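Colleague: Here it is, the structure in full.
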Amino acid sequence: MKTLFHQGRILFTDNFYTTVNLAQELLNRKTHLVGTLKKNRKLNPTEVTNKKFKKGEIIARELNGIVILKWQDKSDVLCLNTNHIAVTTKVKRRGEEIGKPTLICDYNNSKSFIDLSNQLKAYSSPLRKEIKWYRKLGFELLLETSLVNAPITFQLTV
């Protein structure tokens, strides 16, 4: 894992893992973080998290290279990133163009690879429903991940 730091890589995480402390630690190791953020996390700027506004509006705050951004879509979308600036991209939705933050577009694109991985795992799941949850978790981590990674590793070596 240590070899992956200090190379300018970007780590995309969901709101379960994304924190300001993690972003600062990764920045110190020259690795960027982009992810959705829970509203109630410590060190979140309250002027961003508690701000109410209309659909399509954006507010962002930057401190020490970490940007916290809130965008009002159908619901509030709260993001943390250390790689993007707060710019928008024109996106067509239901026939009209809206301004969507670029970091959210990039996050959604990266998330599609996770969804593909989960889809590939579902095709080859040997787990039975009667097995206890903690045993399923062990099988999931070992067996199914290796099933997804095996063809990819094979393609890289050929």
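We label chains A, B, ... in the order they appear in the structure tokens, count residues from 1 in each chain, and number ligands from 1 in the order shown.
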Which residues are near segment 29-41 of chain A? Cut-off 8 Å, only C-alpha atoms, ignore same chain within fewer than 5 positions. Put them as a PyMOL selection string.

Modeller: chain A and resi 5-16+18-19+23+49+77-83+103+107

Colleague: Grab the residues selected above and save them as an mmCIF file, in the first residue's frame with C-alpha atoms.

Modeller:
```cif
data_model
loop_
_atom_site.group_PDB
_atom_site.id
_atom_site.type_symbol
_atom_site.label_atom_id
_atom_site.label_comp_id
_atom_site.auth_asym_id
_atom_site.auth_seq_id
_atom_site.Cartn_x
_atom_site.Cartn_y
_atom_site.Cartn_z
ATOM 1 C CA PHE A 5 1.208 7.116 -2.102
ATOM 2 C CA HIS A 6 3.255 10.115 -3.320
ATOM 3 C CA GLN A 7 2.218 9.559 -6.954
ATOM 4 C CA GLY A 8 -0.657 12.048 -7.296
ATOM 5 C CA ARG A 9 -3.333 9.349 -7.417
ATOM 6 C CA ILE A 10 -7.000 10.123 -6.745
ATOM 7 C CA LEU A 11 -9.021 8.057 -4.275
ATOM 8 C CA PHE A 12 -12.817 8.096 -4.694
ATOM 9 C CA THR A 13 -14.803 7.183 -1.558
ATOM 10 C CA ASP A 14 -18.423 7.186 -0.455
ATOM 11 C CA ASN A 15 -19.769 9.037 2.576
ATOM 12 C CA PHE A 16 -18.967 6.166 4.946
ATOM 13 C CA THR A 18 -14.860 10.398 3.601
ATOM 14 C CA THR A 19 -13.650 12.703 6.400
ATOM 15 C CA ALA A 23 -8.323 14.124 3.295
ATOM 16 C CA THR A 49 -23.476 22.098 5.741
ATOM 17 C CA VAL A 77 -25.258 16.749 -2.217
ATOM 18 C CA LEU A 78 -22.311 17.359 0.107
ATOM 19 C CA CYS A 79 -18.826 16.590 -1.239
ATOM 20 C CA LEU A 80 -15.231 16.802 -0.114
ATOM 21 C CA ASN A 81 -12.342 16.964 -2.534
ATOM 22 C CA THR A 82 -8.687 17.846 -2.719
ATOM 23 C CA ASN A 83 -8.326 17.604 -6.489
ATOM 24 C CA LEU A 103 -16.254 16.851 -9.210
ATOM 25 C CA TYR A 107 -17.298 10.949 -8.823
#
```

Colleague: Among segment 12-153 of chain A, which residues carry a DSSP assignment of alpha helix (DSSP H), reported as a PyMOL selection string?

Modeller: chain A and resi 20-28+46-49+102-123+133-139+145-153

Colleague: Would you mind reading off the distance between atom CA of Glu140 of chain A and atom CA of Leu26 of chain A, one decimal, in Å?

Modeller: 27.6 Å

Colleague: Counting only C-alpha atoms, which of A:Val20, A:Glu144, A:Gly95, A:Thr89 gets nearest to Leu63 of chain A?

Modeller: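 The shortest atom-to-atom distance to Leu63 of chain A comes from A:Val20.
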